[in-house]
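J.: Input: one structure, supplied below.
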Amino acid sequence: MMQITCPHCGPRSQSEFVYGRTVDSVVALDAPADQAMTALFTRTNPRGPDDEIWRHTYGCRAWIVITRHRVTNEITATRAVGSEALP
Amino acid sequence: MTGPSRNAAGATLRFTFDGKTYFARPGDTLAAALLANGVALVGRSFKYHRPRGIMTAGIEEPNALVTVGEGGRREPNTRATDLFVYDGLVARSQNRWPNLSFDLGAVFSLAAPMLPAGFYYKTFFGSAKRWMFYEYFIRKAAGLGNAPTEADPDRFSHRAAFCDVLVVGAGPAGLQAALEHAEAGKRVILAEQDAVLGASLIRDPQELDSAWVEATATRIRAAGGRILTRTTASGYWEHDLVTLTERLAEPGAKPAHGLAQRLWHVRAGQVILATGSIERPIAFAHNDRPGVMLSQAARTYVRRFGVLPGKRVVVATNNDDAYLTAAALRDAGADIVAILDARPDLSAAATAAQAAGHPVLTNAVPLSVDGARHCLTKVTAKVDGQTQSWPADLIAVSGGFTPVVHLHMQAGGTLDWNEAAQAFVPKAARQNVTTIGGAANPQPVHPVVPVGNPKKSFIDFQNDVSLADVDLAWAEGYRSVEHLKRYTTLGMATDQGKLSNMAALGRLAEKQGVSIPEAGLTTFRPPYTPVSMGLIAGASGKNAGAHMRRIALHDVHTQKNPIWQPLGYWFRPRAYPQGQETLAQAALREARAVRTGVGMTDVSTLAKFEVSGPDAAAFLDIICATTVSKLAVGRGRYTFMLREDGIVFDDGTVWRLAEDRFLLTSSTGGADRMATHISYVRQYLCPQLRVSAVTVQEHYAGIAIAGPKAKAAMDALIGADAPRHMSTLPATIAGIPVLVLAASYSGERAFEVYVEASHAAPVWAACEAEVTAQGGCLYGLEAMEFLRIEKGHVVVGGEVDGRMTPADLALDKMLNKAGGYIGATGLSRPALSEPGRRQFVGLEAIEGTIPEGAMLVSAEGQSPQGHVSAAAFRIMDGGSIALAQLTDGFSRYGEELIASSPTRGQKARVRVVHPHFYDAAGERYRD
Amino acid sequence: MSRYSALGLLRGALTGHKHWQPAWRDPEPKSHYDILIIGGGGHGLATAYYLAKVHGLRNIAVLEKGWIGGGNTGRNTTIVRSNYRLEPLHNFYEFGLKLWHGLSDELNYNVMFSPRGAMFLGHSDADMVKLAERGDAMRCDGIDADLLSRDEVAKLEPLLDMSRDARFPIEGGLIQRRGGTARHDAVAWGYARGADSLGVDIIQKCEVTGFVRDGDAVVGVETTRGRIGAGRVGICVAGHSGHVAAMAGLKLPVESQTLQAMVTEGVKPMINTVIMSQSLHCYISQSDKGGIVFGGDPDNWPSYAQRGDPSIMEGAVAQGLALVPALSRLRMVRTWSGVTDMSFDGTPIIGETPVPNLYINGGWCYGGFKATPASGWTYAHTLATGKPHPLNAPFALDRFERGATIDETGSGPMPNSR
């Protein structure tokens with residue numbers, strides 16, 4: 001059970017969060033077909049850090065992005081997404 | 001050894017072992033009490049059923065395993081050394097028949113030469129059934145104790161905790177560390193697996209005595225620290241989460257407040273491990289007999305429990321610590337007949353012991369012991385190359401010390417090799433953990449290599465793995481440490497190699513011609529000591545961790561005594577039988593009421609989303625595969641949603657309540673999934689849209705009223721003209737504001753009434769009164785299923801099975817021509833529009849009743865071309881009909897097939913038809 | 001290869017077991033092989049065995065970065081069954097199940113395959129229909145499956161909670177009597193010994209660090225023990241498929257997840273079959289040593305950690321106790337985890353890659369062990385002929401982009417929603 005720092009709520013137990021998908025698997029709404037299928041059906045799946053989308057489902061319900069090492073589980077960054085994160 | 005070895009004074013606790021009654025002193029472990037009562041034979045080994053006694057005084061005990069407790073509290077494989085006697089304790093020996101002293105299983109010991117490591121891989125050939133014949137006997141012989149056969153009467157709970165510093169182990173180092181941190185203002189938790197604090201100080205008081213322990217504990221508590229005894233740190237997980245298992249009642253005992261154990265999930269800022277070390281046995285022939293005991297264990301029995309485990313004692317050691325044992329045993333009245341020191345020269349401690357009159361022999365290692373089932377009689381050793389023997393009833397052995405590094409390793413730690421101590425010690429770890437005390441600084445020892453190839457020299461005692469087995473595995477090519485473990489079962493017993501791993505590694509390194517650290521290590525997996533399954537489950541063990549979701553009107557339905565149906569975590573009325581009606585009879589009656597008059601049902605569990613804001617319509621055009629934005633205010637329509645890969649994953653209705661406000665419904669079973677999906681699209685994919693999309697599933701209760709008389713009932717209920725099909729109207733019923741949607745699932749004129757859940761009861765009552773007045777009745781899910789099948793509506797989890805495209809379900813004409821919805825791209829994949837896909841059709845029985853779930857075949861013995869996704873009866877005439885998926889089904893109307901269910905011995909001859917069996921033109925739900 | 005037999009054991013008893021030979025050689029890698037298999041797990045070793053046995057090839061090597069059988073082969077819950085709903089899956093696994101039934105004799109190595117029955121429990125009428133559907137699909141394709149009543153289930157497993165007010169009451173079950181368990185390590189060792197005796201080089205402690213290319217085509221591998229040339233190279237490293245494929249520039253439809261399993265202290269026989277459930281996600285069996293072997297859902301986020309999450313384990317145990325309350329006082333003695341290749345439809349991948357001479361076998365999700373013989377057989381066919389066997393043709397790598405996925409659970413492309 002990891003501890004994930006929600007950018008809105010602070011450090012919380014992983015049990016409050018639900019994993020969504022990797023950032024490289026996001027299918028943008030306007031993605032061309034080949035890009036969309038590549039995103040949906042392939043993964044970098046590194047044995048190292050990757051950007052992942054989680055949701056603080058049993059907390060503030062916000063989606064967040066974390067950078068997590070797939071072997072050590074070290075989380076080196078978390079950031080907000082959504083309208084709060086818009087430029 | 002016979003007879004009690006301490007006087008009976010103070011032995012007030014009555015317990016039984018194998019039916020015989022004994023007495024123990026408060027604070028005794030079962031092992032101590034058995035020794036005090038002269039019981040030396042306690043168990044039988046796993047494979048050869050060799051007689052075994054008590055070897056240790058702690059959690060590493062491999063031999064003295066007993067079954068304690070009765071009924072649902074029975075705990076097999078309980079270590080007698082880790083069980084504090086309580087009054088009424090019932091313990092039994094295990095893995096023996098007919099009794100411990102005379103065990104027929106001991107024939108395996110005679111056959112041992114034929115049963116070396118891995119023997120079972122080399123024989124028992126023939127068919128799988130033939131192996132099962134042998135296996136039956138092997139399984140009966142294997143295992144240790146008997147599991148309970150009843151449910152557990154006690155409770156287990158989980159508890160979360162946070163602290164700045166978690167200290168594991170309350171020996172001198174752990175107590176000191178906990179004290180310093182607590183007095184520095186840190187939040188401290190100190191966990192100790194023993195029932196009392198002190199650890200090595202209990203056995204070796206020296207400068208720090210029990211008074212110091214008590215005073216230190218008092219100061220830790222005074223500074224706000226929490227001390228948990230009988231609490232083992234069982235696992236070190238991610239981000240400094242440590243699980244602690246706390247025993248509130250001893251194994252087999254009835255807990256005072258019903259709570260047997262508690263599992264702590266502790267998130268610590270920092271973890272300090274003061275877990276000490278475990279003493280190693282020494283390899284020599286018959287080193288598993290009762291009467292062979294670890295040196296510190298012997299000292300513990302004398303000093304802590306006042307039990308003298310032997311009267312004529314040989315001490316065998318490669319280090320100074322065992323000299324303390326010799327002194328302690330002699331002080332208690334034992335005769336130390338020899339101290340065998342493997343080291344070539346006298347150490348200071350050895351010299352002192354010699355000066356004190358102990359018979360110290362250097363360059364001396366034990367070769368073998370003799371004895372009977374219950375006792376030891378003789379110890380033979382090699383001293384300076386000469387063989388010598390002594391009569392003895394106890395040999396106290398110390399082969400050095402293995403630091404307890406389990407938690408450190410689980411925390412992502414690495415190890416250093418300490419050559420002087422011949423031991424692995426903690427190095428760096430990925431997590432915030434440090435190791436202190438004996439676990440970090442084990443005592444120096446002299447390396448001892450077994451002399452020659454001693455017979456029956458065991459390494460893993462419980463699993464009967466001997467040096468010869470290690471050698472055999474090596475010869476057969478099982479040479480990595482993991483192969484060795486798996487081939488011989490070494491380290492796989494209940495102690496998980498705590499005593500055996502280092503001895504095996506030493507032998508392996510010797511074979512490989514490398515140093516021990518080069519030979520490698522197996523992984524230290526949780527738990528540190530075995531953990532009760534009931535504790536792992538906690539309170540969830542009684543309900544599979546699945547809460548029940550009750551609808552707002554649950555109690556109202558209960559009064560009608562319905563048949564309930566689980567639907568995900570929800571429970572919904574399936575039918576309301578009257579008198580002796582069966583489910584099918586009740587459902588058909590209810591469905592007929594809907595077809596001929598009026599019926600009402602609870603649809604509260606449907607997923608509901610309120611979508612509002614200037615961009616609400618644009619957002620729904622992304623979520624839904626049908627066009628939503630062109631919907632007029634006050635109108636609604638059927639819609640469905642696709643996954644990104646183009647497959648249909650849910651359906652429902654969407655209603656425009658205002659220019660910028662919509663209500664979207666979807667299936668009950670998919671509600672949570674849909675909520676996540678909508679939230680993801682909203683927040684992640686289109687954060688720029690000015691829209692709010694929130695789930696209101698449980699905010700509103702829903703009541704559906706359907707049938708030819710539904711309009712009349714609704715008119716009366718709202719005192720106005722009810723909305724026409726696929727229109728919506730705000731209204732009041734029983735003075736309570738409601739939203740009326742005219743939508744039909746049944747194929748009849750129908751309405752859904754949504755009301756705030758807390759006000760649902762009076763609205764339901766008013767509706768029921770009106771429906772009853774119209775001659776109608778309640779209907780449940782079963783009738784609803786009949787109605788929708790006859791109407792040819794697909795359902796999520798049935799026809800919508802996560803593998804069908806809109807075209808497969810004949811929904812493609814409704815797709816938003818402009819595209820832009822989720823799944824549009826995925827839908828363009830070529831194989832999704834090739835021939836050979838399963839397509840949605842109806843079936844009519846020509847002969848027989850169509851079994852739901854049956855396969856569709858053209859003739860018996862052919863491979864299936866589809867299956868029956870839902871079966872029902874024509875509501876008015878009872879004819880058997882069904883919905884199905886059939887390969888290229890759209891082009892096969894009129895074809896005859898067999899719906900075959902071999903598992904149920906049922907089949908029907910069917911004709912493929914259009915799935916709309918009833919009112920295909922849709923005239924009945926229009927005014 | 002000296003044959004294993006009871007007689008051999010008797011001889012050993014009289015001679016101190018000095019006559020046994022290493023089960024496989026420890027050869028130095030040659031400079032070139034006709035076929036190189038990356039990964040010395042059960043699947044890779046079985047592939048090598050069938051390449052030699054069925055296709056008569058001899059110049060073959062299996063490269064293993066650690067010790068054979070040390071990945072998921074040695075970390076699973078040893079369940080063997082073919083009771084899948086979808087045709088391509090049950091036909092493939094059934095082919096394998098038939099091989100399992102003769103495997104100990106075939107290999108002259110007792111893999112302890114024990115067809116004690118693999119039973120799914122149903123907890124509602126809806127569950128029972130789903131089970132019947134699965135069973136009917138199997139039976140129509142000639143695979144054994146029997147629906148069981150409540151009483152029949154209770155008779156097979158007397159310790160199940162059969163009370164009507166259980167949270168998940170047991171309404172019946174579906175059993176595949178020819179399914180069961182096998183000894184996982186023995187499968188790797190048996191195939192290794194068999195392959196070795198046919199001349200296959202099994203090279204341990206030999207990690208592949210890159211591919212040697214001639215234009216697009218793969219013509220060998222770089223390893224920690226030097227460069228090795230090859231006619232064809234087969235990746236067979238489920239759990240780490242993405243990592244190895246990336247060396248050839250491939251991105252796979254695979255996400256790695258951790259799957260945990262656990263075992264209790266040994267007790268006398270109490271669980272007779274393999275117990276699974278249509279509504280719950282735990283599976284329970286008892287090993288020959290007496291330990292109750294327990295598994296559940298994967299930790300459903302990407303991970304190579306080979307360490308499980310306690311909350312996932314707690315959930316699986318809670319479900320198991322709800323089914324078999326008598327497990328409460330047994331003690332879990334060890335937990336472990338493997339890294340699984342979660343494919344994007346739950347179905348394995350066996351076949352060609354876009355890179356000439358390079359083939360892939362992976363994506364086994366949490367079901368690879370039972371497939372070992374069928375996987376080896378069909379992959380050997382694919383590597384030997386360059387074309388898929390009819391049984392693995394549906395498992396092609398390009399099925400995702402084509403839209404020809406085989407989705408047993410219908411849960412779509414996200415592994416964590418499976």
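If you're wondering about the labels, chains in the structure tokens are A, B, ... by order shown, residues count from 1 in each chain, ligands from 1 in order shown.
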If we count only C-alpha atoms and set the cut-off at 10 Å, which residues sit around region 28-31 of chain C, ignoring sequence neighbours fewer than 4 positions away in its own chain? Please answer as number ranges by chain.

T.: C: 59-63, 201-204, 206, 220, 225-230

J.: Hey, list the chain B side of the contact with chain A: 8 Å cut-off, only C-alpha atoms, answer as a ChimeraX atom specification.

T.: /B:237-239,241,430,644-645,680,682-688,820,822,825-826

J.: Mind writing the picked residues with N, CA and C atoms as an mmCIF file, in the first residue's frame?

T.:
data_model
loop_
_atom_site.group_PDB
_atom_site.id
_atom_site.type_symbol
_atom_site.label_atom_id
_atom_site.label_comp_id
_atom_site.auth_asym_id
_atom_site.auth_seq_id
_atom_site.Cartn_x
_atom_site.Cartn_y
_atom_site.Cartn_z
ATOM 1 N N TRP B 237 5.982 -3.143 3.869
ATOM 2 C CA TRP B 237 5.418 -2.942 2.551
ATOM 3 C C TRP B 237 5.925 -1.636 1.970
ATOM 4 N N GLU B 238 5.139 -1.052 1.083
ATOM 5 C CA GLU B 238 5.608 0.134 0.378
ATOM 6 C C GLU B 238 5.536 1.377 1.264
ATOM 7 N N HIS B 239 6.439 2.296 0.998
ATOM 8 C CA HIS B 239 6.401 3.625 1.600
ATOM 9 C C HIS B 239 6.267 3.553 3.115
ATOM 10 N N LEU B 241 5.129 1.352 5.169
ATOM 11 C CA LEU B 241 3.949 0.768 5.811
ATOM 12 C C LEU B 241 4.361 -0.584 6.394
ATOM 13 N N ARG B 430 16.047 0.799 0.662
ATOM 14 C CA ARG B 430 15.405 1.833 -0.128
ATOM 15 C C ARG B 430 14.480 2.699 0.727
ATOM 16 N N GLU B 644 -13.441 3.136 -25.869
ATOM 17 C CA GLU B 644 -12.546 3.735 -26.860
ATOM 18 C C GLU B 644 -12.237 2.787 -28.012
ATOM 19 N N ASP B 645 -12.412 1.475 -27.773
ATOM 20 C CA ASP B 645 -12.137 0.519 -28.849
ATOM 21 C C ASP B 645 -13.366 0.289 -29.736
ATOM 22 N N TYR B 680 -13.466 10.850 -15.992
ATOM 23 C CA TYR B 680 -12.186 10.876 -16.730
ATOM 24 C C TYR B 680 -12.300 11.777 -17.962
ATOM 25 N N ARG B 682 -14.460 14.099 -18.569
ATOM 26 C CA ARG B 682 -14.695 15.483 -18.143
ATOM 27 C C ARG B 682 -13.401 16.147 -17.664
ATOM 28 N N GLN B 683 -12.712 15.487 -16.728
ATOM 29 C CA GLN B 683 -11.564 16.150 -16.100
ATOM 30 C C GLN B 683 -10.296 16.054 -16.920
ATOM 31 N N TYR B 684 -10.081 14.892 -17.555
ATOM 32 C CA TYR B 684 -8.791 14.689 -18.208
ATOM 33 C C TYR B 684 -8.820 15.059 -19.680
ATOM 34 N N LEU B 685 -9.855 14.592 -20.399
ATOM 35 C CA LEU B 685 -9.845 14.782 -21.847
ATOM 36 C C LEU B 685 -10.372 16.141 -22.279
ATOM 37 N N CYS B 686 -11.366 16.682 -21.553
ATOM 38 C CA CYS B 686 -11.877 17.984 -21.988
ATOM 39 C C CYS B 686 -12.105 18.928 -20.820
ATOM 40 N N PRO B 687 -11.029 19.271 -20.138
ATOM 41 C CA PRO B 687 -11.161 20.174 -18.999
ATOM 42 C C PRO B 687 -11.625 21.571 -19.408
ATOM 43 N N GLN B 688 -11.475 21.885 -20.696
ATOM 44 C CA GLN B 688 -11.843 23.241 -21.128
ATOM 45 C C GLN B 688 -13.347 23.429 -21.243
ATOM 46 N N GLY B 820 -17.046 12.171 -33.596
ATOM 47 C CA GLY B 820 -16.623 12.974 -32.460
ATOM 48 C C GLY B 820 -16.917 12.340 -31.119
ATOM 49 N N ILE B 822 -16.696 9.239 -28.241
ATOM 50 C CA ILE B 822 -15.685 8.266 -27.811
ATOM 51 C C ILE B 822 -15.976 6.927 -28.480
ATOM 52 N N THR B 825 -13.252 6.186 -33.408
ATOM 53 C CA THR B 825 -12.020 5.743 -34.067
ATOM 54 C C THR B 825 -11.849 4.237 -33.940
ATOM 55 N N GLY B 826 -12.061 3.730 -32.737
ATOM 56 C CA GLY B 826 -11.892 2.296 -32.512
ATOM 57 C C GLY B 826 -12.819 1.474 -33.387
#

J.: Could you please write out, as a PDB file with N, CA and C atoms, in the first residue's frame, every residue of chain A that DSSP assigns to alpha helix (DSSP H)?

T.:
ATOM      1  N   ALA A  33      -6.538   8.300 -36.373  1.00  0.00           N
ATOM      2  CA  ALA A  33      -6.818   6.893 -36.070  1.00  0.00           C
ATOM      3  C   ALA A  33      -5.560   6.117 -35.680  1.00  0.00           C
ATOM      4  N   ASP A  34      -4.474   6.295 -36.442  1.00  0.00           N
ATOM      5  CA  ASP A  34      -3.292   5.483 -36.132  1.00  0.00           C
ATOM      6  C   ASP A  34      -2.721   5.841 -34.769  1.00  0.00           C
ATOM      7  N   GLN A  35      -2.710   7.132 -34.458  1.00  0.00           N
ATOM      8  CA  GLN A  35      -2.214   7.545 -33.139  1.00  0.00           C
ATOM      9  C   GLN A  35      -3.119   7.024 -32.024  1.00  0.00           C
ATOM     10  N   ALA A  36      -4.418   7.095 -32.272  1.00  0.00           N
ATOM     11  CA  ALA A  36      -5.366   6.643 -31.257  1.00  0.00           C
ATOM     12  C   ALA A  36      -5.171   5.160 -30.968  1.00  0.00           C
ATOM     13  N   MET A  37      -4.999   4.367 -32.021  1.00  0.00           N
ATOM     14  CA  MET A  37      -4.854   2.927 -31.810  1.00  0.00           C
ATOM     15  C   MET A  37      -3.508   2.590 -31.173  1.00  0.00           C
ATOM     16  N   THR A  38      -2.470   3.340 -31.548  1.00  0.00           N
ATOM     17  CA  THR A  38      -1.172   3.137 -30.899  1.00  0.00           C
ATOM     18  C   THR A  38      -1.285   3.443 -29.407  1.00  0.00           C
ATOM     19  N   ALA A  39      -1.954   4.540 -29.087  1.00  0.00           N
ATOM     20  CA  ALA A  39      -2.103   4.904 -27.677  1.00  0.00           C
ATOM     21  C   ALA A  39      -2.907   3.846 -26.934  1.00  0.00           C
ATOM     22  N   LEU A  40      -3.982   3.384 -27.567  1.00  0.00           N
ATOM     23  CA  LEU A  40      -4.880   2.463 -26.869  1.00  0.00           C
ATOM     24  C   LEU A  40      -4.255   1.074 -26.727  1.00  0.00           C
ATOM     25  N   PHE A  41      -3.500   0.645 -27.724  1.00  0.00           N
ATOM     26  CA  PHE A  41      -3.086  -0.754 -27.773  1.00  0.00           C
ATOM     27  C   PHE A  41      -1.586  -1.000 -27.647  1.00  0.00           C
TER      28      PHE A  41
END

J.: Which of region 159-389 of chain B end up as strand (DSSP E or B) when DSSP is run on this backbone - answer as a PDB file with C-alpha atoms, in the first residue's frame?

T.:
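Output saved as selection.pdb:
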ATOM      1  CA  ARG B 159      -6.652  -0.765  12.552  1.00  0.00           C
ATOM      2  CA  ALA B 160      -4.658   1.979  10.871  1.00  0.00           C
ATOM      3  CA  ALA B 161      -2.037   3.973  12.757  1.00  0.00           C
ATOM      4  CA  PHE B 162       0.550   6.610  12.044  1.00  0.00           C
ATOM      5  CA  CYS B 163       3.734   7.384  13.888  1.00  0.00           C
ATOM      6  CA  ASP B 164       7.021   9.168  13.487  1.00  0.00           C
ATOM      7  CA  VAL B 165       9.077   6.222  14.663  1.00  0.00           C
ATOM      8  CA  LEU B 166       8.154   2.572  14.725  1.00  0.00           C
ATOM      9  CA  VAL B 167      10.536   0.447  16.771  1.00  0.00           C
ATOM     10  CA  VAL B 168      10.363  -3.295  16.258  1.00  0.00           C
ATOM     11  CA  VAL B 188       6.529   6.324  18.860  1.00  0.00           C
ATOM     12  CA  ILE B 189       5.126   2.829  18.542  1.00  0.00           C
ATOM     13  CA  LEU B 190       7.157  -0.009  20.030  1.00  0.00           C
ATOM     14  CA  ALA B 191       6.152  -3.531  19.015  1.00  0.00           C
ATOM     15  CA  ARG B 226       2.537   3.294  22.532  1.00  0.00           C
ATOM     16  CA  ILE B 227       3.908  -0.124  23.489  1.00  0.00           C
ATOM     17  CA  LEU B 228       2.310  -3.192  21.960  1.00  0.00           C
ATOM     18  CA  THR B 231       2.668  -7.971  18.549  1.00  0.00           C
ATOM     19  CA  THR B 232       4.788  -9.078  15.634  1.00  0.00           C
ATOM     20  CA  ALA B 233       5.856  -6.911  12.725  1.00  0.00           C
ATOM     21  CA  SER B 234       4.778  -9.305  10.005  1.00  0.00           C
ATOM     22  CA  GLY B 235       5.531  -7.381   6.846  1.00  0.00           C
ATOM     23  CA  TYR B 236       7.294  -4.289   5.571  1.00  0.00           C
ATOM     24  CA  LEU B 241       3.949   0.768   5.811  1.00  0.00           C
ATOM     25  CA  VAL B 242       4.461  -1.999   8.347  1.00  0.00           C
ATOM     26  CA  THR B 243       1.811  -4.516   9.326  1.00  0.00           C
ATOM     27  CA  LEU B 244       1.721  -5.566  12.967  1.00  0.00           C
ATOM     28  CA  THR B 245      -0.181  -8.599  14.159  1.00  0.00           C
ATOM     29  CA  GLU B 246      -1.350  -8.291  17.742  1.00  0.00           C
ATOM     30  CA  ARG B 247      -2.564 -11.301  19.679  1.00  0.00           C
ATOM     31  CA  LEU B 259     -11.638 -10.020  19.561  1.00  0.00           C
ATOM     32  CA  ALA B 260      -8.921 -12.607  19.009  1.00  0.00           C
ATOM     33  CA  GLN B 261      -6.345 -10.613  17.087  1.00  0.00           C
ATOM     34  CA  ARG B 262      -5.805  -7.181  15.611  1.00  0.00           C
ATOM     35  CA  LEU B 263      -3.928  -6.266  12.451  1.00  0.00           C
ATOM     36  CA  TRP B 264      -2.272  -2.858  12.488  1.00  0.00           C
ATOM     37  CA  HIS B 265      -1.379  -1.016   9.321  1.00  0.00           C
ATOM     38  CA  VAL B 266       1.242   1.403  10.582  1.00  0.00           C
ATOM     39  CA  ARG B 267       2.532   4.163   8.324  1.00  0.00           C
ATOM     40  CA  ALA B 268       5.773   5.233   9.908  1.00  0.00           C
ATOM     41  CA  GLY B 269       7.998   8.190   9.273  1.00  0.00           C
ATOM     42  CA  GLN B 270      10.944   6.038  10.235  1.00  0.00           C
ATOM     43  CA  VAL B 271      11.348   2.415  11.197  1.00  0.00           C
ATOM     44  CA  ILE B 272      13.957   1.125  13.606  1.00  0.00           C
ATOM     45  CA  LEU B 273      14.539  -2.603  13.614  1.00  0.00           C
ATOM     46  CA  SER B 277      19.274 -12.600  15.942  1.00  0.00           C
ATOM     47  CA  ILE B 278      18.408 -16.269  15.837  1.00  0.00           C
ATOM     48  CA  GLU B 279      20.867 -18.864  17.042  1.00  0.00           C
ATOM     49  CA  ALA B 285      24.383 -37.078  13.077  1.00  0.00           C
ATOM     50  CA  VAL B 292      19.274 -31.343  21.279  1.00  0.00           C
ATOM     51  CA  MET B 293      18.538 -27.714  22.122  1.00  0.00           C
ATOM     52  CA  LEU B 294      19.865 -24.344  21.092  1.00  0.00           C
ATOM     53  CA  ARG B 312      23.929 -33.976  32.349  1.00  0.00           C
ATOM     54  CA  VAL B 313      24.740 -31.432  29.714  1.00  0.00           C
ATOM     55  CA  VAL B 314      27.188 -31.131  26.846  1.00  0.00           C
ATOM     56  CA  VAL B 315      27.582 -27.640  25.436  1.00  0.00           C
ATOM     57  CA  ALA B 316      28.765 -27.348  21.821  1.00  0.00           C
ATOM     58  CA  THR B 317      29.697 -23.966  20.474  1.00  0.00           C
ATOM     59  CA  ASP B 335      26.299 -31.214  35.516  1.00  0.00           C
ATOM     60  CA  ILE B 336      28.240 -29.772  32.595  1.00  0.00           C
ATOM     61  CA  VAL B 337      30.071 -32.818  31.328  1.00  0.00           C
ATOM     62  CA  ALA B 338      31.843 -31.105  28.427  1.00  0.00           C
ATOM     63  CA  ILE B 339      32.038 -27.818  26.615  1.00  0.00           C
ATOM     64  CA  LEU B 340      32.923 -28.541  22.990  1.00  0.00           C
ATOM     65  CA  ASP B 341      34.426 -25.395  21.521  1.00  0.00           C
ATOM     66  CA  VAL B 360      36.399 -26.909  28.150  1.00  0.00           C
ATOM     67  CA  LEU B 361      37.679 -28.709  25.056  1.00  0.00           C
ATOM     68  CA  ALA B 364      36.023 -29.980  19.476  1.00  0.00           C
ATOM     69  CA  VAL B 365      32.866 -30.540  17.425  1.00  0.00           C
ATOM     70  CA  PRO B 366      29.984 -32.923  17.993  1.00  0.00           C
ATOM     71  CA  LEU B 367      29.786 -35.954  15.679  1.00  0.00           C
ATOM     72  CA  SER B 368      26.591 -37.634  16.767  1.00  0.00           C
ATOM     73  CA  VAL B 369      24.168 -38.244  19.570  1.00  0.00           C
ATOM     74  CA  ASP B 370      22.423 -41.400  20.698  1.00  0.00           C
ATOM     75  CA  GLY B 371      19.153 -41.767  22.467  1.00  0.00           C
ATOM     76  CA  LEU B 376      19.148 -38.303  24.737  1.00  0.00           C
ATOM     77  CA  THR B 377      21.689 -40.679  26.265  1.00  0.00           C
ATOM     78  CA  LYS B 378      25.065 -40.013  24.736  1.00  0.00           C
ATOM     79  CA  VAL B 379      27.036 -37.351  22.893  1.00  0.00           C
ATOM     80  CA  THR B 380      30.005 -38.237  20.713  1.00  0.00           C
ATOM     81  CA  ALA B 381      32.459 -35.611  19.512  1.00  0.00           C
ATOM     82  CA  LYS B 382      35.703 -35.233  17.698  1.00  0.00           C
ATOM     83  CA  VAL B 383      38.223 -33.487  19.914  1.00  0.00           C
ATOM     84  CA  GLN B 386      40.079 -38.020  18.521  1.00  0.00           C
ATOM     85  CA  THR B 387      36.599 -39.398  19.059  1.00  0.00           C
ATOM     86  CA  GLN B 388      35.219 -39.052  22.577  1.00  0.00           C
ATOM     87  CA  SER B 389      31.817 -39.783  24.119  1.00  0.00           C
TER      88      SER B 389
END

J.: May I ask which of the residues B:Ala173, B:Ala824, B:Ala184, B:Ala475 is the closest one to Ser200 (chain B), counting only C-alpha atoms?

T.: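 Residue with the minimum atom-to-atom distance to Ser200 (chain B): B:Ala173.
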
J.: With only C-alpha atoms as the atoms that count, which of B:Ala322, B:Ala356, B:Ala283, B:Arg373 lies nearest to Ser101 (chain B)?

T.: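 Using only C-alpha atoms, Ser101 (chain B) sits closest to B:Arg373.
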
J.: One number please: CA of Pro88 (chain C) to CA of Glu352 (chain C), in Å, one decimal.

T.: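 Atom-to-atom, CA of Pro88 (chain C) to CA of Glu352 (chain C), that is 17.9 Å.
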
J.: Compute the chain C side of the contact with chain A at 7 Å, counting only C-alpha atoms, and hand it back as JSON, numbers by chain.

T.: {"C": [242, 243, 251, 252, 253, 254, 255, 256, 301, 302, 303, 304, 305, 309, 310, 311, 344, 400, 401]}

J.: Just give me the gap between CA of Lys268 (chain C) and CA of Pro325 (chain C) in Å, one decimal is fine.

T.: 16.4 Å

J.: Considering only C-alpha atoms, state which residue in the set C:Gly117, C:Gly71, C:Gly249, C:Gly291 is at the smallest distance from chain B.

T.: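 Of the candidates, the smallest distance to chain B is held by C:Gly291.
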